[in-house]
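Heads up, coords_28.cif below (mmCIF, C-alpha atoms and all ligand atoms):
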data_data
#
loop_
_atom_site.label_atom_id
_atom_site.label_comp_id
_atom_site.auth_asym_id
_atom_site.auth_seq_id
_atom_site.Cartn_x
_atom_site.Cartn_y
_atom_site.Cartn_z
CA MET A 1 7.48 -56.10 4.83
CA GLU A 2 8.06 -59.65 3.69
CA LYS A 3 6.99 -60.89 7.10
CA GLU A 4 3.90 -58.71 7.00
CA ILE A 5 2.93 -60.04 3.58
CA HIS A 6 3.21 -63.53 5.04
CA ASP A 7 1.13 -62.49 8.08
CA GLN A 8 -1.84 -61.80 5.81
CA PRO A 9 -3.74 -65.08 6.25
CA HIS A 10 -3.73 -64.34 10.00
CA ALA A 11 -4.65 -60.69 9.54
CA VAL A 12 -7.80 -61.74 7.69
CA ALA A 13 -8.61 -64.70 9.96
CA ASP A 14 -8.15 -62.65 13.13
CA THR A 15 -10.30 -59.82 11.79
CA LEU A 16 -13.07 -62.36 11.16
CA LEU A 17 -12.67 -64.05 14.53
CA GLY A 18 -15.69 -63.94 16.82
CA ARG A 19 -17.88 -62.08 14.35
CA THR A 20 -20.53 -64.80 14.03
CA ASP A 21 -22.71 -66.72 16.50
CA GLU A 22 -23.42 -70.46 16.37
CA ALA A 23 -26.21 -69.95 13.84
CA GLY A 24 -23.81 -68.10 11.53
CA ARG A 25 -25.38 -64.68 12.17
CA LEU A 26 -23.07 -61.70 12.44
CA VAL A 27 -22.52 -60.23 15.89
CA LEU A 28 -20.66 -56.96 16.21
CA ASP A 29 -20.53 -56.18 19.90
CA GLU A 30 -18.58 -53.00 19.28
CA VAL A 31 -21.32 -51.39 17.22
CA ARG A 32 -24.29 -52.72 19.15
CA ILE A 33 -24.91 -49.53 21.10
CA PRO A 34 -25.66 -47.36 18.04
CA GLU A 35 -27.69 -50.16 16.38
CA GLU A 36 -30.89 -48.09 16.20
CA ARG A 37 -29.02 -45.29 14.48
CA LEU A 38 -27.42 -47.77 12.11
CA ARG A 39 -30.84 -49.05 11.08
CA ALA A 40 -31.77 -45.53 9.99
CA VAL A 41 -28.69 -45.01 7.84
CA GLU A 42 -29.59 -43.65 4.42
CA ARG A 43 -26.14 -43.13 3.01
CA ILE A 44 -22.54 -43.95 3.83
CA THR A 45 -19.46 -41.88 3.18
CA VAL A 46 -16.06 -43.49 3.60
CA VAL A 47 -13.18 -41.15 4.44
CA ALA A 48 -9.57 -42.32 4.24
CA CYS A 49 -6.21 -41.65 2.60
CA GLY A 50 -3.86 -43.68 0.44
CA THR A 51 -4.16 -47.43 0.68
CA ALA A 52 -6.99 -47.12 3.20
CA SER A 53 -9.01 -45.20 0.60
CA TYR A 54 -8.60 -48.13 -1.80
CA ALA A 55 -10.01 -50.41 0.89
CA GLY A 56 -12.88 -47.91 0.97
CA MET A 57 -13.39 -48.28 -2.78
CA VAL A 58 -13.64 -52.06 -2.41
CA ALA A 59 -16.10 -51.46 0.44
CA LYS A 60 -18.28 -49.32 -1.82
CA TYR A 61 -18.82 -52.11 -4.34
CA ALA A 62 -19.50 -54.71 -1.66
CA ILE A 63 -21.67 -52.67 0.72
CA GLU A 64 -23.83 -51.20 -2.04
CA HIS A 65 -24.38 -54.66 -3.51
CA TRP A 66 -25.29 -56.25 -0.18
CA THR A 67 -27.32 -53.45 1.39
CA ARG A 68 -28.46 -51.13 -1.43
CA ILE A 69 -27.29 -48.22 0.73
CA PRO A 70 -25.48 -45.62 -1.42
CA VAL A 71 -21.80 -45.43 -0.51
CA GLU A 72 -19.47 -42.61 -1.47
CA VAL A 73 -15.70 -42.72 -0.98
CA ALA A 74 -13.93 -39.44 -0.27
CA LEU A 75 -10.27 -38.78 0.24
CA ALA A 76 -10.28 -37.43 3.79
CA HIS A 77 -8.35 -34.26 2.86
CA GLU A 78 -10.86 -33.48 0.10
CA PHE A 79 -13.93 -34.26 2.19
CA ARG A 80 -13.56 -31.32 4.54
CA TYR A 81 -13.39 -28.77 1.80
CA CYS A 82 -16.07 -30.01 -0.59
CA ASP A 83 -19.13 -28.91 1.39
CA PRO A 84 -20.10 -32.58 1.86
CA ILE A 85 -23.72 -33.66 1.92
CA VAL A 86 -23.83 -35.23 5.36
CA ASP A 87 -26.60 -35.30 7.98
CA GLU A 88 -27.77 -37.37 10.95
CA ASN A 89 -28.80 -40.24 8.64
CA THR A 90 -25.31 -40.44 7.16
CA LEU A 91 -22.82 -42.97 8.46
CA VAL A 92 -19.28 -41.71 7.99
CA VAL A 93 -16.85 -44.63 8.04
CA SER A 94 -13.21 -43.71 8.50
CA ILE A 95 -10.54 -46.26 7.65
CA SER A 96 -7.07 -45.88 9.14
CA GLN A 97 -4.35 -48.33 10.08
CA SER A 98 -2.62 -45.96 12.50
CA GLY A 99 -5.68 -44.13 13.78
CA GLU A 100 -3.50 -41.01 13.83
CA THR A 101 -3.68 -39.75 10.24
CA MET A 102 -4.42 -36.06 10.67
CA ASP A 103 -6.34 -35.67 7.40
CA THR A 104 -8.64 -38.54 8.36
CA LEU A 105 -9.05 -37.31 11.93
CA MET A 106 -10.08 -33.86 10.69
CA ALA A 107 -12.62 -35.43 8.33
CA VAL A 108 -14.12 -37.39 11.23
CA LYS A 109 -14.38 -34.25 13.35
CA HIS A 110 -16.00 -32.40 10.48
CA ALA A 111 -18.52 -35.23 10.02
CA THR A 112 -19.37 -35.12 13.73
CA ASP A 113 -19.91 -31.35 13.53
CA LEU A 114 -22.34 -31.96 10.67
CA GLY A 115 -24.34 -34.42 12.82
CA ALA A 116 -23.28 -37.68 11.17
CA MET A 117 -22.74 -40.93 13.00
CA THR A 118 -19.07 -41.89 12.76
CA LEU A 119 -17.58 -45.37 12.73
CA SER A 120 -13.87 -46.03 12.62
CA VAL A 121 -12.20 -49.07 11.04
CA CYS A 122 -8.82 -49.03 12.73
CA ASN A 123 -5.84 -51.27 13.50
CA THR A 124 -4.43 -49.41 16.50
CA HIS A 125 -6.14 -49.72 19.87
CA GLY A 126 -6.59 -46.51 21.81
CA SER A 127 -5.50 -44.28 18.93
CA THR A 128 -7.09 -40.90 18.29
CA ILE A 129 -9.52 -41.60 15.43
CA PRO A 130 -11.43 -44.39 17.23
CA ARG A 131 -11.59 -42.20 20.34
CA GLU A 132 -13.16 -39.42 18.31
CA SER A 133 -15.70 -41.79 16.68
CA ASP A 134 -19.10 -43.04 17.86
CA ALA A 135 -18.16 -46.67 17.21
CA VAL A 136 -15.08 -48.64 16.22
CA LEU A 137 -14.51 -51.86 14.37
CA TYR A 138 -10.95 -52.95 15.05
CA THR A 139 -8.96 -54.79 12.43
CA HIS A 140 -6.66 -57.41 13.90
CA ALA A 141 -3.69 -57.27 11.58
CA GLY A 142 -1.21 -56.89 14.46
CA PRO A 143 1.36 -54.09 14.44
CA GLU A 144 2.34 -53.04 10.92
CA ILE A 145 5.89 -51.73 10.92
CA ALA A 146 6.86 -51.44 7.26
CA VAL A 147 5.84 -48.05 5.89
CA ALA A 148 3.96 -49.51 2.93
CA SER A 149 0.67 -50.99 4.01
CA THR A 150 0.03 -54.65 3.19
CA LYS A 151 -1.62 -56.74 5.88
CA ALA A 152 -3.50 -53.72 7.23
CA PHE A 153 -5.06 -53.28 3.78
CA LEU A 154 -6.36 -56.85 3.74
CA ALA A 155 -7.66 -56.48 7.27
CA GLN A 156 -9.40 -53.19 6.37
CA ILE A 157 -11.15 -54.79 3.41
CA THR A 158 -12.18 -57.73 5.61
CA ALA A 159 -13.60 -55.43 8.30
CA CYS A 160 -15.54 -53.48 5.67
CA TYR A 161 -17.06 -56.72 4.35
CA VAL A 162 -18.07 -57.63 7.89
CA LEU A 163 -19.62 -54.19 8.37
CA GLY A 164 -21.51 -54.47 5.06
CA LEU A 165 -22.84 -57.92 5.88
CA TYR A 166 -23.85 -56.77 9.35
CA LEU A 167 -25.77 -53.83 7.89
CA ALA A 168 -27.39 -56.19 5.39
CA GLN A 169 -28.49 -58.42 8.27
CA LEU A 170 -29.81 -55.44 10.27
CA ARG A 171 -31.87 -54.30 7.33
CA GLY A 172 -33.92 -57.43 6.94
CA GLU A 173 -34.25 -61.11 6.52
CA THR A 174 -33.99 -61.09 2.72
CA TYR A 175 -30.33 -60.26 2.97
CA ALA A 176 -29.56 -62.26 6.12
CA ASP A 177 -29.17 -65.63 4.34
CA ASP A 178 -26.87 -64.08 1.76
CA ALA A 179 -24.82 -62.56 4.58
CA LYS A 180 -24.34 -65.99 6.15
CA ALA A 181 -23.27 -67.50 2.83
CA VAL A 182 -20.75 -64.73 2.14
CA MET A 183 -19.34 -65.08 5.66
CA ARG A 184 -18.72 -68.76 4.98
CA GLU A 185 -16.86 -67.88 1.77
CA LEU A 186 -14.90 -65.22 3.63
CA GLN A 187 -13.79 -67.81 6.21
CA GLU A 188 -12.12 -69.77 3.38
CA ILE A 189 -10.01 -66.81 2.24
CA PRO A 190 -7.09 -67.14 4.74
CA ALA A 191 -6.26 -70.65 3.48
CA LYS A 192 -6.46 -69.38 -0.10
CA ILE A 193 -3.99 -66.56 0.67
CA GLU A 194 -1.68 -69.13 2.23
CA ASP A 195 -1.90 -71.24 -0.93
CA LEU A 196 -1.27 -68.16 -3.08
CA LEU A 197 1.80 -67.12 -1.07
CA GLY A 198 3.28 -70.51 -1.91
CA ARG A 199 3.06 -69.76 -5.63
CA MET A 200 5.01 -66.51 -5.77
CA ASP A 201 8.34 -67.74 -7.21
CA ARG A 202 7.49 -66.71 -10.75
CA VAL A 203 6.32 -63.26 -9.58
CA GLN A 204 9.67 -62.78 -7.85
CA GLU A 205 11.52 -63.80 -11.01
CA MET A 206 9.44 -61.39 -13.08
CA ALA A 207 10.15 -58.54 -10.64
CA GLU A 208 13.89 -59.22 -10.71
CA PHE A 209 13.86 -59.41 -14.48
CA MET A 210 12.01 -56.06 -14.64
CA ALA A 211 14.30 -54.13 -12.28
CA ASP A 212 15.08 -51.53 -14.98
CA THR A 213 11.48 -50.90 -15.93
CA ARG A 214 10.57 -47.21 -15.97
CA THR A 215 6.79 -47.36 -16.02
CA VAL A 216 4.12 -49.93 -15.27
CA LEU A 217 0.38 -49.70 -15.83
CA PHE A 218 -2.36 -51.52 -13.90
CA LEU A 219 -5.88 -52.16 -15.16
CA GLY A 220 -8.88 -53.44 -13.25
CA ARG A 221 -12.64 -53.22 -13.23
CA ASN A 222 -15.20 -53.24 -10.44
CA VAL A 223 -13.39 -54.42 -7.28
CA GLY A 224 -10.32 -54.98 -9.45
CA TYR A 225 -10.10 -51.22 -10.02
CA PRO A 226 -8.96 -50.34 -6.46
CA VAL A 227 -6.61 -53.33 -6.64
CA ALA A 228 -5.05 -51.76 -9.74
CA MET A 229 -4.67 -48.45 -7.86
CA GLU A 230 -3.06 -50.22 -4.91
CA GLY A 231 -0.68 -52.16 -7.17
CA ALA A 232 0.47 -48.87 -8.69
CA LEU A 233 0.86 -47.18 -5.30
CA LYS A 234 2.99 -50.05 -3.94
CA LEU A 235 5.34 -49.74 -6.91
CA LYS A 236 5.66 -45.94 -6.55
CA GLU A 237 6.28 -46.13 -2.82
CA LEU A 238 8.75 -49.00 -2.83
CA ALA A 239 10.49 -49.01 -6.20
CA TYR A 240 10.22 -45.28 -7.06
CA ILE A 241 9.00 -45.98 -10.55
CA HIS A 242 6.14 -44.39 -12.36
CA ALA A 243 3.02 -46.50 -12.11
CA GLU A 244 -0.59 -45.77 -12.81
CA GLY A 245 -3.73 -47.71 -12.06
CA PHE A 246 -6.96 -47.13 -13.90
CA ALA A 247 -10.35 -48.60 -14.62
CA ALA A 248 -10.03 -50.94 -17.59
CA GLY A 249 -13.10 -49.40 -19.21
CA GLU A 250 -11.23 -46.09 -19.45
CA LEU A 251 -8.63 -47.58 -21.74
CA LYS A 252 -10.21 -46.45 -24.98
CA HIS A 253 -11.00 -43.02 -23.51
CA GLY A 254 -7.34 -42.08 -23.40
CA PRO A 255 -4.80 -44.33 -21.67
CA ILE A 256 -4.54 -46.70 -24.65
CA ALA A 257 -2.40 -44.00 -26.26
CA LEU A 258 0.31 -44.94 -23.73
CA ILE A 259 0.56 -48.49 -25.02
CA GLU A 260 3.67 -49.18 -27.06
CA ALA A 261 5.82 -52.22 -27.69
CA GLY A 262 7.09 -53.76 -24.46
CA GLN A 263 4.99 -51.61 -22.08
CA PRO A 264 4.26 -53.79 -19.03
CA VAL A 265 0.59 -53.79 -18.06
CA PHE A 266 -0.85 -55.75 -15.17
CA VAL A 267 -4.47 -56.67 -15.74
CA ILE A 268 -6.62 -57.84 -12.85
CA VAL A 269 -9.21 -60.12 -14.39
CA PRO A 270 -12.53 -60.49 -12.57
CA SER A 271 -13.83 -63.93 -11.71
CA PRO A 272 -15.54 -65.64 -14.65
CA ASP A 273 -18.63 -65.68 -12.33
CA THR A 274 -18.87 -61.87 -12.38
CA PRO A 275 -22.23 -60.73 -13.77
CA HIS A 276 -22.87 -58.52 -16.81
CA GLU A 277 -20.15 -59.97 -19.05
CA LEU A 278 -17.51 -58.06 -17.15
CA HIS A 279 -15.05 -60.90 -17.47
CA LYS A 280 -15.41 -60.99 -21.26
CA LYS A 281 -14.87 -57.24 -21.47
CA VAL A 282 -11.64 -57.37 -19.50
CA VAL A 283 -10.39 -60.25 -21.64
CA SER A 284 -11.03 -58.12 -24.73
CA ASN A 285 -9.09 -55.25 -23.08
CA ILE A 286 -6.13 -57.61 -22.75
CA GLN A 287 -6.48 -58.56 -26.41
CA GLU A 288 -6.51 -54.86 -27.44
CA ILE A 289 -3.35 -53.93 -25.59
CA ARG A 290 -1.54 -57.11 -26.54
CA ALA A 291 -2.27 -56.32 -30.21
CA ARG A 292 -0.45 -53.00 -29.64
CA GLY A 293 2.63 -54.73 -28.27
CA ALA A 294 2.03 -54.45 -24.50
CA ARG A 295 3.58 -57.05 -22.20
CA THR A 296 0.40 -58.33 -20.54
CA LEU A 297 0.85 -59.55 -16.98
CA VAL A 298 -2.48 -61.10 -16.23
CA ILE A 299 -3.85 -61.91 -12.79
CA ALA A 300 -6.58 -64.50 -13.28
CA HIS A 301 -8.42 -67.09 -11.23
CA ASP A 302 -7.50 -70.77 -11.39
CA GLY A 303 -9.38 -72.42 -14.23
CA ASP A 304 -9.91 -69.23 -16.24
CA ASP A 305 -8.51 -70.35 -19.60
CA ASP A 306 -9.95 -67.48 -21.64
CA VAL A 307 -6.99 -65.25 -20.76
CA GLU A 308 -4.27 -67.62 -22.01
CA PRO A 309 -4.13 -66.59 -25.70
CA PHE A 310 -3.49 -62.90 -24.88
CA ALA A 311 -1.29 -63.09 -21.80
CA SER A 312 2.49 -62.69 -21.80
CA GLU A 313 2.36 -64.06 -18.25
CA VAL A 314 -0.55 -65.48 -16.27
CA ILE A 315 -0.41 -65.17 -12.49
CA ARG A 316 -2.97 -67.52 -11.01
CA ILE A 317 -5.02 -66.84 -7.89
CA PRO A 318 -7.42 -69.29 -6.22
CA ALA A 319 -11.05 -69.13 -7.33
CA CYS A 320 -13.35 -67.16 -5.02
CA ALA A 321 -16.57 -65.12 -4.97
CA PRO A 322 -16.19 -62.07 -7.27
CA LEU A 323 -16.56 -59.42 -4.54
CA LEU A 324 -13.96 -61.08 -2.31
CA ALA A 325 -11.26 -61.29 -4.99
CA PRO A 326 -9.27 -58.18 -3.88
CA LEU A 327 -8.07 -60.15 -0.83
CA LEU A 328 -6.25 -62.45 -3.25
CA ALA A 329 -5.56 -60.35 -6.35
CA VAL A 330 -3.54 -57.72 -4.50
CA VAL A 331 -1.06 -60.23 -3.03
CA PRO A 332 1.00 -60.82 -6.21
CA LEU A 333 1.19 -57.04 -6.71
CA GLN A 334 2.60 -56.55 -3.20
CA VAL A 335 5.12 -59.33 -3.79
CA PHE A 336 6.05 -57.87 -7.18
CA ALA A 337 6.73 -54.40 -5.71
CA LEU A 338 8.70 -55.88 -2.81
CA HIS A 339 11.02 -57.87 -5.09
CA LEU A 340 11.42 -55.19 -7.73
CA ALA A 341 12.46 -52.69 -5.04
CA THR A 342 14.79 -55.25 -3.47
CA ALA A 343 16.35 -55.98 -6.87
CA LYS A 344 17.06 -52.24 -7.14
CA GLY A 345 18.81 -52.35 -3.77
CA LEU A 346 16.21 -50.19 -2.03
CA ASP A 347 15.09 -50.29 1.59
CA VAL A 348 11.53 -51.60 1.31
CA ASP A 349 10.69 -51.01 4.94
CA GLN A 350 11.70 -47.36 5.02
CA PRO A 351 11.11 -45.86 1.58
CA ARG A 352 12.42 -42.34 1.04
CA ASN A 353 10.27 -39.33 1.92
CA LEU A 354 7.55 -41.39 3.60
CA ALA A 355 6.44 -41.78 7.22
CA LYS A 356 4.38 -44.61 8.65
CA SER A 357 1.76 -42.30 9.98
CA VAL A 358 1.12 -38.88 8.56
CA THR A 359 0.24 -36.77 11.57
CA VAL A 360 0.28 -33.41 9.84
CA GLU A 361 -2.23 -32.08 7.32
O1 LIG A 401 -2.64 -45.04 8.96
P1 LIG A 401 -3.54 -44.79 7.80
O2 LIG A 401 -4.20 -46.07 7.33
O3 LIG A 401 -4.57 -43.73 8.07
O4 LIG A 401 -2.62 -44.30 6.63
C1 LIG A 401 -3.18 -43.87 5.42
C2 LIG A 401 -2.12 -43.71 4.37
O5 LIG A 401 -1.19 -42.73 4.73
C3 LIG A 401 -1.38 -45.02 4.09
O6 LIG A 401 -2.24 -46.05 3.70
C4 LIG A 401 -0.31 -44.83 3.00
O7 LIG A 401 -0.93 -44.61 1.75
C5 LIG A 401 0.63 -46.03 2.98
N1 LIG A 401 1.98 -45.58 2.88
C6 LIG A 401 0.32 -46.97 1.85
O8 LIG A 401 1.25 -47.99 1.71
#
Render the structure in this file as structure tokens.
Ligand code: M6R
Amino acid sequence: MEKEIHDQPHAVADTLLGRTDEAGRLVLDEVRIPEERLRAVERITVVACGTASYAGMVAKYAIEHWTRIPVEVALAHEFRYCDPIVDENTLVVSISQSGETMDTLMAVKHATDLGAMTLSVCNTHGSTIPRESDAVLYTHAGPEIAVASTKAFLAQITACYVLGLYLAQLRGETYADDAKAVMRELQEIPAKIEDLLGRMDRVQEMAEFMADTRTVLFLGRNVGYPVAMEGALKLKELAYIHAEGFAAGELKHGPIALIEAGQPVFVIVPSPDTPHELHKKVVSNIQEIRARGARTLVIAHDGDDDVEPFASEVIRIPACAPLLAPLLAVVPLQVFALHLATAKGLDVDQPRNLAKSVTVE
């Protein structure tokens, strides 16, 4: 798993490779055939499980912003049984590292039966889900061996950005320039992950120090919300401790009752460039929980000084465009779970009760 975490700059770079022409326009050869159908897409439903579903949640924020196409994210095992609203103008995007997850495969088959166009974001060539789909966008994370997903997650998010930007470009010139600009920012992300991986000593120390912790909470907003969910899942899977991720705005609607002295809470702070005062609101969430005695473990961009007064610890990530931040913000959470589990003497590559691909429903 440690190796896979360190493979992440390559996973992102390789997933971006060859996606643009000399003029900076996106070219997706794999999805060219159903281009006419893609132009007619009126809604998108993402189907996936576990970590892949969190990549889908990130995709929702990004694709809706760039294309104005409504995107819904459904857990694949729920999708089949909820009488989904899907027709020939719906694009059903499945996300799966293995391409063999039975729940996701069944959702894809169901979508096909309902007349939808299906596109698979997948890391495994020749696997079943891409074969059952109309089009496939391969992620190039390389083989992921550790049971807990890390580099595949980053590659899935990257592929979803590429898909969103491609759809934006297909839908008209107004968005095309934006798409080029975002692609340029995306190209800078691998070097930023590399830089970030070089700063993880303090995160390791924190994890080792917290080896006896019984429960950890994770808060995030907007694209930081799925990052919070993923941070919690990594800790459950690897360290077998109770962890919960939730949308920071929900705090006062219930979860704040959990806050007591010493409770560790990771907070994923959006970029100060995020619109609608989101940044300010998250900073005031940190202030609220700190006032109630929480140990605030704050993930913030370089240069964001507003968080300092209320943070027990600040974990810095390189500055980047707000929608791209999950590719950086999740890295310290992966490293934290890895080292906490290791400090407990657990096998991080083969956690108990889990299989790398879940081929039964
Ligand atoms: O192979 P898939 O991406 O379809 O797998 C989906 C989930 O089973 C998977 O992401 C699972 O949640 C991982 N153990 C997460 O670390």
List as a short mmCIF file (atom, residue, chain, number, x, y, z; two decimals) with C-alpha atoms, in the coordinates of the input the protein and nucleic acid residues lying within 8 Å of ligand LIG 401 (chain A), with only C-alpha atoms and all ligand atoms counted.
data_model
loop_
_atom_site.label_atom_id
_atom_site.label_comp_id
_atom_site.auth_asym_id
_atom_site.auth_seq_id
_atom_site.Cartn_x
_atom_site.Cartn_y
_atom_site.Cartn_z
CA ALA A 48 -9.57 -42.32 4.24
CA CYS A 49 -6.21 -41.65 2.60
CA GLY A 50 -3.86 -43.68 0.44
CA THR A 51 -4.16 -47.43 0.68
CA ALA A 52 -6.99 -47.12 3.20
CA SER A 53 -9.01 -45.20 0.60
CA ILE A 95 -10.54 -46.26 7.65
CA SER A 96 -7.07 -45.88 9.14
CA GLN A 97 -4.35 -48.33 10.08
CA SER A 98 -2.62 -45.96 12.50
CA GLY A 99 -5.68 -44.13 13.78
CA GLU A 100 -3.50 -41.01 13.83
CA THR A 101 -3.68 -39.75 10.24
CA THR A 104 -8.64 -38.54 8.36
CA CYS A 122 -8.82 -49.03 12.73
CA VAL A 147 5.84 -48.05 5.89
CA ALA A 148 3.96 -49.51 2.93
CA SER A 149 0.67 -50.99 4.01
CA THR A 150 0.03 -54.65 3.19
CA ALA A 152 -3.50 -53.72 7.23
CA PHE A 153 -5.06 -53.28 3.78
CA LEU A 233 0.86 -47.18 -5.30
CA LYS A 234 2.99 -50.05 -3.94
CA GLU A 237 6.28 -46.13 -2.82
CA LEU A 354 7.55 -41.39 3.60
CA ALA A 355 6.44 -41.78 7.22
CA LYS A 356 4.38 -44.61 8.65
CA SER A 357 1.76 -42.30 9.98
CA VAL A 358 1.12 -38.88 8.56
#
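The nearest approach to Thr274 in chain A among the residues A:Arg290, A:Phe246, A:Ala311, A:Cys320, with all atoms listed in the file taken into account, belongs to A:Cys320.
Taking CA of Ile63 in chain A as the reference point, CA of Gly164 in chain A is found at 4.7 Å.
In this model, the gap between CA of Met183 in chain A and CA of Leu165 in chain A comes to 8.0 Å.
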Output as a Markdown table one row per residue of range 165-208 of chain A within 8 Å of range 9-21 of chain A: the closest atom pair and its distance in Å to one decimal place, counting all atoms listed in the file, sorted by chain and residue number ascending.
| residue | atom | partner | partner_atom | distance |
| --- | --- | --- | --- | --- |
| A:Gln187 | CA | A:Ala13 | CA | 7.1 |
| A:Ile189 | CA | A:Pro9 | CA | 7.6 |
| A:Pro190 | CA | A:Pro9 | CA | 4.2 |
| A:Ala191 | CA | A:Pro9 | CA | 6.7 |
| A:Ile193 | CA | A:Pro9 | CA | 5.8 |
| A:Glu194 | CA | A:Pro9 | CA | 6.1 |
Polymer residues at most 7 Å from Asp302 in chain A, all atoms listed in the file, same-chain spacing of 4 or more positions, as a PyMOL selection string: chain A and resi 316-319
Long-range neighbours of Tyr166 in chain A as a ChimeraX atom specification, 7 Å cut-off, only C-alpha atoms, 4 positions minimum in chain: /A:26,162,170
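Taking CA of Glu132 in chain A and CA of Leu105 in chain A as endpoints, the distance between them is 7.9 Å.
Remark: for Glu361 in chain A, the closest of the candidate residues A:Ala107, A:Ile286, A:Ala59, A:His65 is A:Ala107 (distances computed over all atoms listed in the file).
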Using all atoms listed in the file, find each residue in range 39-66 of chain A having at least one atom no more than 12 Å away from range 211-221 of chain A; report its shortest atom-to-atom pair and that distance in Å (one decimal), rows by chain then rising number, as a Markdown table.
| residue | atom | partner | partner_atom | distance |
| --- | --- | --- | --- | --- |
| A:Met57 | CA | A:Arg221 | CA | 11.6 |
| A:Val58 | CA | A:Arg221 | CA | 10.9 |
| A:Tyr61 | CA | A:Arg221 | CA | 10.9 |
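The shortest atom-to-atom distance to Leu338 in chain A, with all atoms listed in the file taken into account, belongs to A:Ala146 out of A:Leu91, A:Met106, A:Ala176, A:Ala146.
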Using 5 Å of padding on each side, determine the axis-aligned box around all atoms of range 243-259 of chain A present in the file and give its centre and edge lengths in Å to one decimal, as JSON.
{"center_x": -5.0, "center_y": -46.5, "center_z": -19.2, "size_x": 26.1, "size_y": 18.9, "size_z": 24.2}
Option closest in space to Glu30 in chain A, from A:Ile44, A:Ala135, A:Val227, A:Val71 [counting only C-alpha atoms]: A:Ala135
Distance query Ala239 in chain A at most 10 Å, all atoms listed in the file, self and fewer than 2 positions along chain excluded, as a PDB file with C-alpha atoms, in the coordinates of the input:
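Below is the file selection_37.pdb, written as the result:
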ATOM      1  CA  ALA A 211      14.300 -54.130 -12.280  1.00  0.00           C
ATOM      2  CA  THR A 213      11.480 -50.900 -15.930  1.00  0.00           C
ATOM      3  CA  ARG A 214      10.570 -47.210 -15.970  1.00  0.00           C
ATOM      4  CA  LEU A 233       0.860 -47.180  -5.300  1.00  0.00           C
ATOM      5  CA  LYS A 234       2.990 -50.050  -3.940  1.00  0.00           C
ATOM      6  CA  LEU A 235       5.340 -49.740  -6.910  1.00  0.00           C
ATOM      7  CA  LYS A 236       5.660 -45.940  -6.550  1.00  0.00           C
ATOM      8  CA  GLU A 237       6.280 -46.130  -2.820  1.00  0.00           C
ATOM      9  CA  ILE A 241       9.000 -45.980 -10.550  1.00  0.00           C
ATOM     10  CA  HIS A 242       6.140 -44.390 -12.360  1.00  0.00           C
ATOM     11  CA  ALA A 243       3.020 -46.500 -12.110  1.00  0.00           C
ATOM     12  CA  PHE A 336       6.050 -57.870  -7.180  1.00  0.00           C
ATOM     13  CA  ALA A 337       6.730 -54.400  -5.710  1.00  0.00           C
ATOM     14  CA  LEU A 338       8.700 -55.880  -2.810  1.00  0.00           C
ATOM     15  CA  HIS A 339      11.020 -57.870  -5.090  1.00  0.00           C
ATOM     16  CA  LEU A 340      11.420 -55.190  -7.730  1.00  0.00           C
ATOM     17  CA  ALA A 341      12.460 -52.690  -5.040  1.00  0.00           C
ATOM     18  CA  THR A 342      14.790 -55.250  -3.470  1.00  0.00           C
ATOM     19  CA  ALA A 343      16.350 -55.980  -6.870  1.00  0.00           C
ATOM     20  CA  LYS A 344      17.060 -52.240  -7.140  1.00  0.00           C
ATOM     21  CA  GLY A 345      18.810 -52.350  -3.770  1.00  0.00           C
ATOM     22  CA  LEU A 346      16.210 -50.190  -2.030  1.00  0.00           C
ATOM     23  CA  ASP A 347      15.090 -50.290   1.590  1.00  0.00           C
ATOM     24  CA  VAL A 348      11.530 -51.600   1.310  1.00  0.00           C
ATOM     25  CA  PRO A 351      11.110 -45.860   1.580  1.00  0.00           C
TER      26      PRO A 351
END
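Minimum distance to Leu186 in chain A across A:Tyr161, A:Phe310, A:Phe266, A:Tyr54 (counting only C-alpha atoms) occurs at A:Tyr161.
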Report as a Markdown table: every residue of range 294-338 of chain A with an atom at most 9 Å from range 258-264 of chain A, its closest pair of atoms, and their distance in Å to one decimal, counting only C-alpha atoms, with rows sorted by chain and ascending residue number.
| residue | atom | partner | partner_atom | distance |
| --- | --- | --- | --- | --- |
| A:Ala294 | CA | A:Gln263 | CA | 4.8 |
| A:Arg295 | CA | A:Pro264 | CA | 4.6 |
| A:Thr296 | CA | A:Pro264 | CA | 6.1 |
| A:Leu297 | CA | A:Pro264 | CA | 7.0 |
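Using only C-alpha atoms for every distance, the candidate list A:Ala116, A:Val108, A:Ala23, A:Leu154 yields A:Val108 as the residue closest to Pro130 in chain A.
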With N, CA and C atoms as the goal, would you fill in the gaps in range 242-247 of chain A and present it as a short mmCIF file (atom, residue, chain, number, x, y, z; two decimals), in the coordinates of the input?
data_model
loop_
_atom_site.label_atom_id
_atom_site.label_comp_id
_atom_site.auth_asym_id
_atom_site.auth_seq_id
_atom_site.Cartn_x
_atom_site.Cartn_y
_atom_site.Cartn_z
N HIS A 242 7.45 -44.89 -12.00
CA HIS A 242 6.14 -44.39 -12.36
C HIS A 242 5.17 -45.54 -12.59
N ALA A 243 4.02 -45.44 -11.97
CA ALA A 243 3.02 -46.50 -12.11
C ALA A 243 1.65 -45.84 -12.04
N GLU A 244 0.74 -46.35 -12.81
CA GLU A 244 -0.59 -45.77 -12.81
C GLU A 244 -1.63 -46.87 -12.88
N GLY A 245 -2.64 -46.75 -12.03
CA GLY A 245 -3.73 -47.71 -12.06
C GLY A 245 -4.96 -47.04 -12.61
N PHE A 246 -5.70 -47.71 -13.46
CA PHE A 246 -6.96 -47.13 -13.90
C PHE A 246 -8.00 -48.18 -14.20
N ALA A 247 -9.23 -47.71 -14.33
CA ALA A 247 -10.35 -48.60 -14.62
C ALA A 247 -10.22 -49.06 -16.06
#
